[in-house]
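A.B. asks: My structure file entry_31.txt, compact mmCIF, C-alpha atoms, is below:
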```txt
# COMPACT_ATOMS: atom_id res chain seq x y z
CA MET A 144 88.79 137.75 141.66
CA PRO A 145 85.51 135.76 141.72
CA ALA A 146 84.21 135.13 145.25
CA PRO A 147 84.39 131.29 145.20
CA LEU A 148 88.05 131.48 144.14
CA GLU A 149 88.87 134.00 146.85
CA LEU A 150 87.12 131.82 149.44
CA LEU A 151 88.96 128.70 148.28
CA ILE A 152 92.35 130.44 148.53
CA GLU A 153 91.46 131.77 151.98
CA SER A 154 90.25 128.31 153.09
CA LEU A 155 93.43 126.57 151.94
CA ARG A 156 95.36 128.73 154.37
CA CYS A 157 94.05 126.67 157.29
CA LEU A 158 96.60 124.04 156.21
CA PRO A 159 99.77 124.23 158.29
CA GLY A 160 102.68 125.88 156.46
CA VAL A 161 100.53 127.28 153.64
CA GLY A 162 100.85 131.03 153.09
CA PRO A 163 98.98 133.30 150.65
CA LYS A 164 101.24 132.50 147.67
CA SER A 165 101.08 128.71 148.02
CA ALA A 166 97.35 128.83 148.70
CA GLN A 167 96.92 130.66 145.40
CA ARG A 168 99.13 128.16 143.59
CA MET A 169 97.22 125.25 145.13
CA ALA A 170 93.83 126.71 144.15
CA TYR A 171 94.87 127.24 140.52
CA HIS A 172 96.41 123.77 140.38
CA LEU A 173 93.26 122.11 141.72
CA LEU A 174 90.85 124.04 139.50
CA GLN A 175 92.99 123.82 136.39
CA ARG A 176 94.79 120.50 136.54
CA ASP A 177 93.22 118.26 139.16
CA ARG A 178 89.49 118.78 139.53
CA ASN A 179 89.05 115.11 140.40
CA GLY A 180 91.64 115.44 143.13
CA ALA A 181 89.83 118.50 144.49
CA LYS A 182 86.50 116.65 144.50
CA ARG A 183 88.10 113.67 146.24
CA LEU A 184 89.74 115.96 148.80
CA ALA A 185 86.46 117.71 149.62
CA GLY A 186 84.79 114.34 150.10
CA ALA A 187 87.64 112.95 152.18
CA LEU A 188 87.55 115.99 154.47
CA ASP A 189 83.79 115.67 155.05
CA ASP A 190 84.09 111.93 155.50
CA ALA A 191 86.99 112.13 157.96
CA LEU A 192 85.27 114.85 160.00
CA ALA A 193 82.08 112.82 160.18
CA ARG A 194 83.51 109.38 160.81
CA LEU A 195 86.72 109.78 162.82
CA ARG A 196 86.79 110.28 166.56
CA HIS A 197 89.23 109.68 169.38
CA CYS A 198 89.57 106.16 170.75
CA SER A 199 88.28 106.27 174.32
CA ARG A 200 91.30 104.23 175.42
CA CYS A 201 94.34 105.43 173.44
CA ASN A 202 93.07 108.82 172.18
CA SER A 203 94.20 108.05 168.61
CA PHE A 204 91.84 108.45 165.66
CA THR A 205 89.38 105.63 165.09
CA GLU A 206 85.93 104.97 163.67
CA ALA A 207 84.81 102.86 166.63
CA GLU A 208 84.44 103.71 170.32
CA VAL A 209 87.59 101.67 171.00
CA CYS A 210 90.18 101.16 168.26
CA GLU A 211 91.24 97.74 167.02
CA ARG A 212 94.60 97.90 168.73
CA CYS A 213 93.16 98.72 172.14
CA ALA A 214 90.54 96.00 171.74
CA SER A 215 93.11 93.36 170.76
CA ALA A 216 93.61 90.47 173.20
CA ALA A 217 97.11 89.90 171.80
CA ARG A 218 98.42 93.05 173.49
CA ASP A 219 99.85 93.21 177.00
CA PRO A 220 97.46 95.52 178.90
CA GLN A 221 99.98 96.03 181.72
CA LEU A 222 102.21 98.17 179.50
CA LEU A 223 101.23 101.64 178.31
CA CYS A 224 103.45 103.58 175.91
CA VAL A 225 102.87 107.35 175.69
CA VAL A 226 103.64 109.00 172.32
CA GLU A 227 103.02 112.49 170.95
CA MET A 228 101.34 111.74 167.63
CA PRO A 229 99.85 108.82 165.65
CA ALA A 230 102.91 108.98 163.37
CA ASP A 231 105.10 108.18 166.41
CA LEU A 232 102.88 105.24 167.26
CA ALA A 233 103.32 103.99 163.69
CA MET A 234 107.12 104.21 164.05
CA MET A 235 107.02 102.29 167.34
CA GLU A 236 104.96 99.57 165.69
CA GLN A 237 107.37 99.35 162.78
CA ALA A 238 110.20 98.81 165.27
CA HIS A 239 108.50 95.53 166.39
CA ALA A 240 109.93 95.91 169.91
CA TYR A 241 106.76 96.49 171.90
CA ARG A 242 103.59 94.48 172.44
CA GLY A 243 101.76 96.65 174.97
CA LEU A 244 99.12 99.36 174.51
CA TYR A 245 99.48 103.04 173.66
CA TYR A 246 98.27 106.46 174.67
CA VAL A 247 98.56 109.22 172.04
CA LEU A 248 98.83 112.74 173.49
CA MET A 249 97.94 114.39 170.15
CA GLY A 250 100.55 117.02 170.84
CA ARG A 251 103.11 118.05 173.42
CA ILE A 252 103.46 120.62 176.16
CA SER A 253 104.45 123.78 174.33
CA PRO A 254 104.07 127.02 176.32
CA LEU A 255 104.94 129.13 173.24
CA ASP A 256 101.91 127.70 171.42
CA GLY A 257 99.74 128.00 174.51
CA ILE A 258 99.58 124.23 174.99
CA GLY A 259 99.85 123.18 178.62
CA PRO A 260 98.73 120.12 180.61
CA ARG A 261 95.11 121.26 180.44
CA GLU A 262 95.07 121.70 176.65
CA LEU A 263 96.67 118.24 176.28
CA LYS A 264 93.91 116.85 178.55
CA LEU A 265 96.47 114.99 180.66
CA ASP A 266 93.69 114.09 183.12
CA ARG A 267 92.46 111.63 180.48
CA LEU A 268 95.92 110.01 180.37
CA LEU A 269 95.93 109.91 184.17
CA ALA A 270 92.56 108.14 184.24
CA ARG A 271 93.74 105.69 181.57
CA ALA A 272 97.04 104.90 183.35
CA THR A 273 95.42 104.40 186.76
CA ASP A 274 92.84 101.83 185.60
CA GLY A 275 94.39 99.27 187.93
CA VAL A 276 95.66 97.09 185.08
CA VAL A 277 98.56 99.20 183.79
CA GLN A 278 101.78 98.43 185.66
CA GLU A 279 104.34 100.43 183.69
CA VAL A 280 104.13 103.57 181.59
CA ILE A 281 106.84 104.00 178.96
CA LEU A 282 107.34 107.62 177.90
CA ALA A 283 108.16 107.75 174.20
CA THR A 284 107.71 111.44 173.49
CA ASN A 285 110.32 113.01 171.23
CA PHE A 286 113.77 113.90 172.51
CA THR A 287 113.25 117.55 171.65
CA ASN A 288 113.02 120.24 174.32
CA GLU A 289 109.23 120.12 174.23
CA GLY A 290 109.09 116.33 174.16
CA GLU A 291 111.51 116.11 177.11
CA ALA A 292 109.48 118.67 179.08
CA THR A 293 106.32 116.71 178.35
CA ALA A 294 107.97 113.45 179.47
CA HIS A 295 109.17 115.14 182.66
CA TYR A 296 105.72 116.50 183.51
CA VAL A 297 103.86 113.28 182.68
CA GLY A 298 106.48 111.22 184.49
CA GLU A 299 106.14 113.24 187.71
CA MET A 300 102.35 113.11 187.47
CA LEU A 301 102.25 109.31 187.12
CA ARG A 302 105.00 108.49 189.59
CA ALA A 303 103.05 110.46 192.21
CA ARG A 304 100.30 107.85 191.75
CA GLY A 305 102.72 105.04 192.44
CA LEU A 306 103.05 103.89 188.82
CA LYS A 307 106.32 102.57 187.41
CA VAL A 308 107.46 105.04 184.74
CA SER A 309 110.25 104.59 182.19
CA ARG A 310 111.65 106.52 179.24
CA LEU A 311 113.04 105.33 175.92
CA ALA A 312 116.83 105.10 176.15
CA ARG A 313 118.99 107.87 174.75
CA GLY A 314 122.24 106.96 173.07
CA VAL A 315 124.18 106.47 169.88
CA PRO A 316 121.86 105.40 167.02
CA VAL A 317 122.19 101.81 165.76
CA GLY A 318 124.71 101.88 162.93
CA GLY A 319 125.90 105.30 164.13
CA GLU A 320 129.56 106.25 164.07
CA LEU A 321 130.90 108.30 166.99
CA GLU A 322 132.66 110.63 164.58
CA HIS A 323 129.31 111.64 163.12
CA THR A 324 127.28 111.66 166.33
CA ASP A 325 126.61 114.96 168.10
CA VAL A 326 128.48 115.42 171.38
CA GLY A 327 125.27 115.82 173.42
CA THR A 328 124.20 112.33 172.39
CA ILE A 329 127.65 110.91 173.15
CA ALA A 330 127.61 112.54 176.59
CA GLN A 331 124.18 111.03 177.31
CA ALA A 332 125.31 107.64 176.07
CA MET A 333 128.25 107.83 178.48
CA VAL A 334 126.10 108.85 181.47
CA GLU A 335 123.58 106.12 180.72
CA ARG A 336 126.12 103.42 179.83
CA ARG A 337 125.01 99.83 180.49
CA SER A 338 127.08 97.26 182.35
CA LEU A 339 127.68 94.10 180.32
CA MET B 27 95.12 103.48 160.44
CA PRO B 28 91.35 103.99 160.02
CA ALA B 29 90.22 104.14 156.39
CA PRO B 30 88.84 107.73 156.40
CA LEU B 31 92.15 108.99 157.80
CA GLU B 32 94.15 107.09 155.23
CA LEU B 33 91.91 108.44 152.45
CA LEU B 34 92.23 112.01 153.74
CA ILE B 35 96.04 111.78 153.83
CA GLU B 36 96.07 110.29 150.33
CA SER B 37 93.68 113.00 149.07
CA LEU B 38 95.77 115.84 150.47
CA ARG B 39 98.63 114.67 148.26
CA CYS B 40 96.86 116.09 145.21
CA LEU B 41 98.02 119.51 146.46
CA PRO B 42 101.19 120.64 144.68
CA GLY B 43 104.33 120.27 146.80
CA VAL B 44 102.68 118.08 149.43
CA GLY B 45 104.42 114.74 150.06
CA PRO B 46 103.43 111.87 152.37
CA LYS B 47 104.91 113.45 155.52
CA SER B 48 103.26 116.86 155.11
CA ALA B 49 99.97 115.26 154.08
CA GLN B 50 100.03 113.33 157.36
CA ARG B 51 100.87 116.49 159.33
CA MET B 52 98.07 118.42 157.58
CA ALA B 53 95.50 115.68 158.26
CA TYR B 54 96.34 115.55 161.98
CA HIS B 55 96.32 119.33 162.21
CA LEU B 56 92.90 119.61 160.57
CA LEU B 57 91.30 116.81 162.58
CA GLN B 58 92.88 117.80 165.87
CA ARG B 59 93.20 121.57 165.83
CA ASP B 60 91.11 123.06 163.05
CA ARG B 61 87.94 121.10 162.34
CA ASN B 62 86.13 124.31 161.37
CA GLY B 63 88.88 125.11 158.89
CA ALA B 64 88.58 121.62 157.43
CA LYS B 65 84.81 121.96 157.08
CA ARG B 66 85.21 125.37 155.43
CA LEU B 67 87.86 123.99 153.06
CA ALA B 68 85.65 121.07 152.00
CA GLY B 69 82.81 123.50 151.30
CA ALA B 70 85.03 125.97 149.45
CA LEU B 71 86.37 123.18 147.22
CA ASP B 72 82.88 121.96 146.31
CA ASP B 73 81.69 125.52 145.79
CA ALA B 74 84.63 126.54 143.61
CA LEU B 75 84.33 123.39 141.49
CA ALA B 76 80.64 123.97 140.98
CA ARG B 77 80.63 127.71 140.36
CA LEU B 78 83.90 128.63 138.66
CA ARG B 79 84.51 128.25 134.96
CA HIS B 80 86.76 129.76 132.33
CA CYS B 81 85.80 133.11 130.87
CA SER B 82 85.01 132.51 127.20
CA ARG B 83 87.06 135.57 126.29
CA CYS B 84 90.12 135.70 128.57
CA ASN B 85 90.19 132.07 129.84
CA SER B 86 90.58 133.23 133.47
CA PHE B 87 88.29 131.93 136.23
CA THR B 88 84.87 133.52 136.49
CA GLU B 89 81.34 132.73 137.58
CA ALA B 90 79.75 134.22 134.44
CA GLU B 91 80.11 133.31 130.77
CA VAL B 92 82.23 136.44 130.27
CA CYS B 93 84.15 137.94 133.21
CA GLU B 94 83.63 141.53 134.39
CA ARG B 95 86.94 142.71 132.99
CA CYS B 96 86.26 141.37 129.50
CA ALA B 97 82.74 142.83 129.58
CA SER B 98 83.97 146.28 130.65
CA ALA B 99 83.51 149.11 128.16
CA ALA B 100 86.36 151.04 129.82
CA ARG B 101 88.97 148.67 128.38
CA ASP B 102 90.69 149.09 125.03
CA PRO B 103 89.60 146.02 123.00
CA GLN B 104 92.36 146.53 120.45
CA LEU B 105 95.04 145.48 122.93
CA LEU B 106 95.40 141.90 124.16
CA CYS B 107 97.96 141.01 126.84
CA VAL B 108 98.90 137.31 127.17
CA VAL B 109 99.94 136.12 130.64
CA GLU B 110 100.61 132.67 132.08
CA MET B 111 98.45 132.69 135.22
CA PRO B 112 95.75 134.78 136.95
CA ALA B 113 98.39 135.85 139.49
CA ASP B 114 100.36 137.44 136.64
CA LEU B 115 97.25 139.26 135.48
CA ALA B 116 96.81 140.60 139.01
CA MET B 117 100.40 141.92 139.00
CA MET B 118 99.87 143.62 135.64
CA GLU B 119 96.74 145.30 136.98
CA GLN B 120 98.57 146.47 140.10
CA ALA B 121 101.18 148.09 137.85
CA HIS B 122 98.45 150.41 136.44
CA ALA B 123 100.26 150.62 133.10
CA TYR B 124 97.79 148.83 130.85
CA ARG B 125 94.15 149.42 129.93
CA GLY B 126 93.57 146.70 127.35
CA LEU B 127 92.20 143.16 127.67
CA TYR B 128 93.91 139.91 128.70
CA TYR B 129 94.25 136.31 127.73
CA VAL B 130 95.35 133.91 130.47
CA LEU B 131 97.13 130.78 129.19
CA MET B 132 96.65 128.92 132.50
CA GLY B 133 100.13 127.52 132.15
CA ARG B 134 103.12 127.61 129.86
CA ILE B 135 104.72 125.37 127.26
CA SER B 136 106.69 122.87 129.28
CA PRO B 137 107.82 119.75 127.41
CA LEU B 138 109.15 118.15 130.61
CA ASP B 139 105.64 118.26 132.11
CA GLY B 140 104.08 117.13 128.85
CA ILE B 141 102.49 120.52 128.21
CA GLY B 142 102.68 121.59 124.59
CA PRO B 143 100.65 123.95 122.38
CA ARG B 144 97.76 121.47 122.27
CA GLU B 145 97.53 121.05 126.06
CA LEU B 146 97.59 124.86 126.43
CA LYS B 147 94.75 125.05 123.87
CA LEU B 148 96.55 127.74 121.94
CA ASP B 149 93.91 127.47 119.21
CA ARG B 150 91.56 129.26 121.62
CA LEU B 151 94.06 132.11 121.97
CA LEU B 152 94.41 132.18 118.19
CA ALA B 153 90.64 132.48 117.75
CA ARG B 154 90.48 135.20 120.42
CA ALA B 155 93.35 137.23 118.93
CA THR B 156 92.02 137.03 115.37
CA ASP B 157 88.55 138.36 116.18
CA GLY B 158 89.18 141.33 113.89
CA VAL B 159 89.19 143.84 116.76
CA VAL B 160 92.54 143.07 118.38
CA GLN B 161 95.36 145.05 116.76
CA GLU B 162 98.30 144.26 119.03
CA VAL B 163 99.13 141.28 121.24
CA ILE B 164 101.52 141.96 124.12
CA LEU B 165 103.30 138.84 125.36
CA ALA B 166 103.75 139.05 129.12
CA THR B 167 104.72 135.47 129.94
CA ASN B 168 107.50 135.07 132.49
CA PHE B 169 111.13 135.62 131.57
CA THR B 170 112.02 132.06 132.52
CA ASN B 171 113.12 129.51 129.94
CA GLU B 172 109.60 128.11 129.68
CA GLY B 173 107.99 131.54 129.59
CA GLU B 174 110.39 132.69 126.86
CA ALA B 175 109.76 129.54 124.82
CA THR B 176 106.01 130.10 125.18
CA ALA B 177 106.34 133.73 124.09
CA HIS B 178 108.42 132.65 121.10
CA TYR B 179 105.89 130.03 119.99
CA VAL B 180 102.84 132.25 120.53
CA GLY B 181 104.59 135.18 118.87
CA GLU B 182 105.39 133.18 115.73
CA MET B 183 101.85 131.82 115.61
CA LEU B 184 100.24 135.25 115.81
CA ARG B 185 102.66 137.09 113.54
CA ALA B 186 101.92 134.48 110.85
CA ARG B 187 98.33 135.78 110.95
CA GLY B 188 99.50 139.33 110.39
CA LEU B 189 99.01 140.52 113.97
CA LYS B 190 101.33 143.04 115.60
CA VAL B 191 103.07 141.25 118.47
CA SER B 192 105.20 142.78 121.23
CA ARG B 193 106.95 141.55 124.37
CA LEU B 194 107.41 143.19 127.77
CA ALA B 195 110.83 144.88 127.89
CA ARG B 196 113.74 143.17 129.62
CA GLY B 197 116.17 145.27 131.59
CA VAL B 198 117.43 146.49 134.93
CA PRO B 199 114.59 146.58 137.50
CA VAL B 200 113.34 150.00 138.60
CA GLY B 201 115.39 150.96 141.67
CA GLY B 202 117.95 148.29 140.75
CA GLU B 203 121.67 148.85 141.22
CA LEU B 204 123.97 147.49 138.53
CA GLU B 205 126.26 146.04 141.20
CA HIS B 206 123.42 143.81 142.40
CA THR B 207 121.91 142.96 139.00
CA ASP B 208 122.77 139.68 137.34
CA VAL B 209 125.00 139.94 134.28
CA GLY B 210 122.46 138.30 131.97
CA THR B 211 120.00 141.09 132.74
CA ILE B 212 122.67 143.75 132.24
CA ALA B 213 123.63 142.20 128.90
CA GLN B 214 120.00 142.25 127.77
CA ALA B 215 119.58 145.83 128.96
CA MET B 216 122.61 146.79 126.84
CA VAL B 217 121.35 144.98 123.72
CA GLU B 218 117.88 146.47 124.09
CA ARG B 219 119.05 149.97 125.07
CA ARG B 220 116.68 152.80 124.17
CA SER B 221 117.74 155.96 122.35
CA LEU B 222 116.83 159.09 124.31
```
Before anything else, please render the file you have as structure tokens.

C.D. replies:
Amino acid sequence: MPAPLELLIESLRCLPGVGPKSAQRMAYHLLQRDRNGAKRLAGALDDALARLRHCSRCNSFTEAEVCERCASAARDPQLLCVVEMPADLAMMEQAHAYRGLYYVLMGRISPLDGIGPRELKLDRLLARATDGVVQEVILATNFTNEGEATAHYVGEMLRARGLKVSRLARGVPVGGELEHTDVGTIAQAMVERRSL
Amino acid sequence: MPAPLELLIESLRCLPGVGPKSAQRMAYHLLQRDRNGAKRLAGALDDALARLRHCSRCNSFTEAEVCERCASAARDPQLLCVVEMPADLAMMEQAHAYRGLYYVLMGRISPLDGIGPRELKLDRLLARATDGVVQEVILATNFTNEGEATAHYVGEMLRARGLKVSRLARGVPVGGELEHTDVGTIAQAMVERRSL
């Protein structure tokens, strides 16, 4: 196999979920059927690496020192919503139920992957949340084991500094039928029932 | 979303089997956890695009005008084995049962994907096979519907020029137990049984 082809296949394996067979398939596809796509991808990678950095306020990706959202005067600076990834932030925004600011962890506490509070740089979140303006931190990490553990850890950390901390509600999904809802969710919805 | 991030996600979608969700996951992974991998990938793409071309004899990827295999004097130039992809060529070589030359189609006839004889540039194979040296063409396309259709088409084309054409044998895999072999394969193995 020619060296540039071998190197390309090897390099494609840095993509998550791509093993030796798919890397080979991808390389042949790019070289044979989509050279323009390959050229565009190489450029986009270089460009993104050079131009994107973390917003000094919310930790999400941005081209400026502070991203547009964090710089916006239309947002309530007293509310800070903590999410795992930028995709979660996008979902929150699409829900149109929140007008405060965000902090993106860029991950979650995951001992199996060697990601603890230090790797997540939770001291940066702590500094952000204790700026004297933020009054309430809303934990919107996922409701997976790792997301729950992260919410627990972050919650304890921030409550110790006297901040008000809340968590997205658990319960039956909107439009959900009890018959098709898992029993763990139903149990939580019962424990956390609201008085009307 | 910042423009370079959006462009990177969009560009990753040129990879086969990568939809919007995985493209997003890949982009975050590269930017957050594997910037070196991303840099290496961008370089490998540029490098491969610039340095790789098709061997003028076998149509596989090479850096030279004619690849090492085609230039080798140790190969029997009277035999030409036709495979779909370089990965198939690699498997044939690992089988150590063939010492002739190859022609790599870089695909297969696939009407649903709009790939016919013209898109596969079968005229190049025709020119290669009718160089006056090749005596026998062995069709080693896959035994899928598309691979069989390709073998049929190529076989007819070459036999019309008076070339001897053969096809890899179908049958029960080596080490295979009849109980665990599909009936279509068993039927073929019966039809194509060899006298001992």

A.B. asks: Would you mind reading off the distance between atom CA of A:Asn288 and atom CA of A:Gly250, one decimal, in Å?

C.D. replies: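 Taking atom CA of A:Asn288 as the start and atom CA of A:Gly250 as the end point, the length is 13.3 Å.
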
A.B. asks: Onto chain A, please fit chain B by least squares using all C-alpha atoms in order, then return the transformed chain as a short mmCIF file (atom, residue, chain, number, x, y, z; two decimals) with C-alpha atoms, keeping the file's coordinate frame.

C.D. replies:
```cif
data_model
loop_
_atom_site.label_atom_id
_atom_site.label_comp_id
_atom_site.auth_asym_id
_atom_site.auth_seq_id
_atom_site.Cartn_x
_atom_site.Cartn_y
_atom_site.Cartn_z
CA MET B 27 88.91 137.89 141.96
CA PRO B 28 85.64 135.91 142.03
CA ALA B 29 84.34 135.21 145.53
CA PRO B 30 84.51 131.37 145.42
CA LEU B 31 88.16 131.57 144.35
CA GLU B 32 89.00 134.03 147.08
CA LEU B 33 87.24 131.81 149.65
CA LEU B 34 89.07 128.71 148.42
CA ILE B 35 92.46 130.44 148.69
CA GLU B 36 91.58 131.70 152.16
CA SER B 37 90.37 128.23 153.21
CA LEU B 38 93.53 126.50 152.04
CA ARG B 39 95.48 128.64 154.50
CA CYS B 40 94.15 126.54 157.38
CA LEU B 41 96.69 123.90 156.27
CA PRO B 42 99.87 124.07 158.35
CA GLY B 43 102.78 125.72 156.54
CA VAL B 44 100.64 127.16 153.74
CA GLY B 45 100.95 130.93 153.26
CA PRO B 46 99.11 133.24 150.84
CA LYS B 47 101.38 132.48 147.86
CA SER B 48 101.19 128.68 148.14
CA ALA B 49 97.46 128.81 148.84
CA GLN B 50 97.04 130.71 145.56
CA ARG B 51 99.24 128.21 143.71
CA MET B 52 97.30 125.27 145.20
CA ALA B 53 93.92 126.78 144.26
CA TYR B 54 94.97 127.35 140.63
CA HIS B 55 96.48 123.88 140.43
CA LEU B 56 93.32 122.22 141.74
CA LEU B 57 90.93 124.21 139.56
CA GLN B 58 93.06 124.03 136.45
CA ARG B 59 94.85 120.70 136.54
CA ASP B 60 93.29 118.42 139.12
CA ARG B 61 89.55 118.93 139.52
CA ASN B 62 89.09 115.24 140.33
CA GLY B 63 91.70 115.52 143.07
CA ALA B 64 89.90 118.56 144.47
CA LYS B 65 86.56 116.74 144.46
CA ARG B 66 88.14 113.72 146.17
CA LEU B 67 89.79 115.96 148.77
CA ALA B 68 86.52 117.73 149.59
CA GLY B 69 84.83 114.35 150.04
CA ALA B 70 87.67 112.91 152.11
CA LEU B 71 87.59 115.93 154.43
CA ASP B 72 83.83 115.64 155.00
CA ASP B 73 84.12 111.88 155.43
CA ALA B 74 87.01 112.05 157.89
CA LEU B 75 85.29 114.75 159.94
CA ALA B 76 82.11 112.74 160.11
CA ARG B 77 83.53 109.28 160.75
CA LEU B 78 86.73 109.68 162.76
CA ARG B 79 86.81 110.16 166.50
CA HIS B 80 89.22 109.59 169.34
CA CYS B 81 89.55 106.09 170.73
CA SER B 82 88.26 106.21 174.30
CA ARG B 83 91.27 104.19 175.42
CA CYS B 84 94.32 105.36 173.45
CA ASN B 85 93.05 108.75 172.16
CA SER B 86 94.20 107.96 168.59
CA PHE B 87 91.84 108.33 165.62
CA THR B 88 89.37 105.52 165.05
CA GLU B 89 85.93 104.87 163.62
CA ALA B 90 84.79 102.78 166.61
CA GLU B 91 84.43 103.64 170.29
CA VAL B 92 87.57 101.60 171.01
CA CYS B 93 90.18 101.07 168.28
CA GLU B 94 91.24 97.61 167.08
CA ARG B 95 94.61 97.80 168.79
CA CYS B 96 93.14 98.65 172.19
CA ALA B 97 90.52 95.92 171.79
CA SER B 98 93.11 93.27 170.87
CA ALA B 99 93.59 90.42 173.32
CA ALA B 100 97.11 89.83 171.95
CA ARG B 101 98.42 93.00 173.62
CA ASP B 102 99.86 93.19 177.12
CA PRO B 103 97.46 95.51 179.02
CA GLN B 104 99.95 96.06 181.82
CA LEU B 105 102.20 98.16 179.60
CA LEU B 106 101.21 101.63 178.38
CA CYS B 107 103.44 103.55 175.95
CA VAL B 108 102.85 107.32 175.68
CA VAL B 109 103.64 108.94 172.32
CA GLU B 110 103.00 112.41 170.93
CA MET B 111 101.32 111.63 167.59
CA PRO B 112 99.85 108.70 165.63
CA ALA B 113 102.91 108.85 163.36
CA ASP B 114 105.09 108.08 166.40
CA LEU B 115 102.87 105.14 167.27
CA ALA B 116 103.32 103.85 163.72
CA MET B 117 107.12 104.06 164.08
CA MET B 118 107.01 102.19 167.39
CA GLU B 119 104.94 99.44 165.77
CA GLN B 120 107.36 99.20 162.85
CA ALA B 121 110.19 98.68 165.35
CA HIS B 122 108.49 95.42 166.51
CA ALA B 123 109.93 95.84 170.01
CA TYR B 124 106.76 96.43 172.00
CA ARG B 125 103.59 94.42 172.57
CA GLY B 126 101.74 96.60 175.07
CA LEU B 127 99.11 99.31 174.59
CA TYR B 128 99.47 103.00 173.71
CA TYR B 129 98.26 106.41 174.68
CA VAL B 130 98.55 109.14 172.04
CA LEU B 131 98.81 112.67 173.46
CA MET B 132 97.93 114.29 170.10
CA GLY B 133 100.52 116.95 170.77
CA ARG B 134 103.08 117.98 173.34
CA ILE B 135 103.41 120.59 176.06
CA SER B 136 104.40 123.73 174.22
CA PRO B 137 104.02 126.98 176.17
CA LEU B 138 104.88 129.08 173.09
CA ASP B 139 101.85 127.63 171.27
CA GLY B 140 99.69 127.94 174.36
CA ILE B 141 99.53 124.18 174.87
CA GLY B 142 99.80 123.16 178.50
CA PRO B 143 98.69 120.12 180.52
CA ARG B 144 95.06 121.25 180.34
CA GLU B 145 95.02 121.66 176.54
CA LEU B 146 96.63 118.20 176.21
CA LYS B 147 93.88 116.82 178.49
CA LEU B 148 96.42 115.00 180.60
CA ASP B 149 93.66 114.12 183.06
CA ARG B 150 92.44 111.62 180.45
CA LEU B 151 95.89 110.01 180.36
CA LEU B 152 95.90 109.96 184.16
CA ALA B 153 92.54 108.18 184.24
CA ARG B 154 93.72 105.70 181.59
CA ALA B 155 97.01 104.94 183.36
CA THR B 156 95.40 104.48 186.78
CA ASP B 157 92.83 101.91 185.65
CA GLY B 158 94.38 99.36 188.01
CA VAL B 159 95.65 97.15 185.17
CA VAL B 160 98.55 99.24 183.87
CA GLN B 161 101.77 98.49 185.77
CA GLU B 162 104.34 100.46 183.78
CA VAL B 163 104.11 103.59 181.64
CA ILE B 164 106.82 104.01 179.00
CA LEU B 165 107.31 107.61 177.91
CA ALA B 166 108.14 107.72 174.22
CA THR B 167 107.68 111.41 173.47
CA ASN B 168 110.28 112.96 171.19
CA PHE B 169 113.73 113.87 172.45
CA THR B 170 113.21 117.52 171.57
CA ASN B 171 112.97 120.21 174.22
CA GLU B 172 109.18 120.09 174.13
CA GLY B 173 109.06 116.30 174.10
CA GLU B 174 111.47 116.12 177.05
CA ALA B 175 109.45 118.69 179.00
CA THR B 176 106.29 116.70 178.29
CA ALA B 177 107.94 113.47 179.43
CA HIS B 178 109.14 115.19 182.60
CA TYR B 179 105.68 116.55 183.44
CA VAL B 180 103.83 113.32 182.63
CA GLY B 181 106.45 111.28 184.47
CA GLU B 182 106.10 113.33 187.66
CA MET B 183 102.31 113.17 187.43
CA LEU B 184 102.23 109.39 187.10
CA ARG B 185 104.97 108.59 189.61
CA ALA B 186 103.01 110.61 192.20
CA ARG B 187 100.26 107.99 191.77
CA GLY B 188 102.69 105.19 192.46
CA LEU B 189 103.04 104.01 188.86
CA LYS B 190 106.31 102.67 187.47
CA VAL B 191 107.44 105.10 184.77
CA SER B 192 110.24 104.62 182.23
CA ARG B 193 111.63 106.55 179.27
CA LEU B 194 113.01 105.33 175.94
CA ALA B 195 116.82 105.14 176.15
CA ARG B 196 118.95 107.92 174.70
CA GLY B 197 122.18 107.02 172.98
CA VAL B 198 124.12 106.51 169.79
CA PRO B 199 121.79 105.38 166.96
CA VAL B 200 122.11 101.78 165.77
CA GLY B 201 124.64 101.81 162.91
CA GLY B 202 125.83 105.25 164.05
CA GLU B 203 129.49 106.23 163.94
CA LEU B 204 130.81 108.30 166.83
CA GLU B 205 132.56 110.63 164.38
CA HIS B 206 129.19 111.58 162.90
CA THR B 207 127.17 111.65 166.13
CA ASP B 208 126.50 114.95 167.84
CA VAL B 209 128.36 115.50 171.10
CA GLY B 210 125.18 115.93 173.15
CA THR B 211 124.12 112.41 172.17
CA ILE B 212 127.57 111.02 172.94
CA ALA B 213 127.53 112.72 176.35
CA GLN B 214 124.13 111.20 177.13
CA ALA B 215 125.28 107.78 175.93
CA MET B 216 128.24 108.04 178.33
CA VAL B 217 126.09 109.10 181.31
CA GLU B 218 123.55 106.37 180.62
CA ARG B 219 126.10 103.65 179.78
CA ARG B 220 124.98 100.09 180.47
CA SER B 221 127.04 97.55 182.41
CA LEU B 222 127.64 94.38 180.39
#
```

A.B. asks: What is the atom CA of A:Leu192 to atom CA of B:Ala64 distance in Å?

C.D. replies: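 Going from atom CA of A:Leu192 over to atom CA of B:Ala64 covers 8.0 Å.
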
A.B. asks: When you look at stretch 296-303 of chain A with a cut-off of 12 Å (counting only C-alpha atoms), what residues show up, excluding the ones that are within fewer than 5 positions of it in the same chain? I need them as number ranges by chain.

C.D. replies: A: 223-227, 246, 248, 251-253, 259-260, 263-273, 277-284, 289-291, 308-310

A.B. asks: Using only C-alpha atoms, give me every residue within 7 Å of (90.0, 144.6, 118.2) in file coordinates, as a ChimeraX atom specification.

C.D. replies: /B:103-105,157-161

A.B. asks: Quick one, how far is atom CA of A:Leu158 from atom CA of B:Cys40?

C.D. replies: 13.6 Å

A.B. asks: Residues of chain A within 7 Å of chain B, counting all atoms listed in the file, what are they? List them as a list in words.

C.D. replies: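 The answer, sorted by residue number, is Pro145, Pro147, Leu148, Leu150, Leu151, Ser154, Leu155, Cys157, Leu158, Pro159, Met169, Leu174, Gly180, Ala181, Lys182, Arg183, Leu184, Ala185, Ala187, Leu188, Asp189, Asp190, Ala191, Leu192, Thr205 and Glu206 of chain A.
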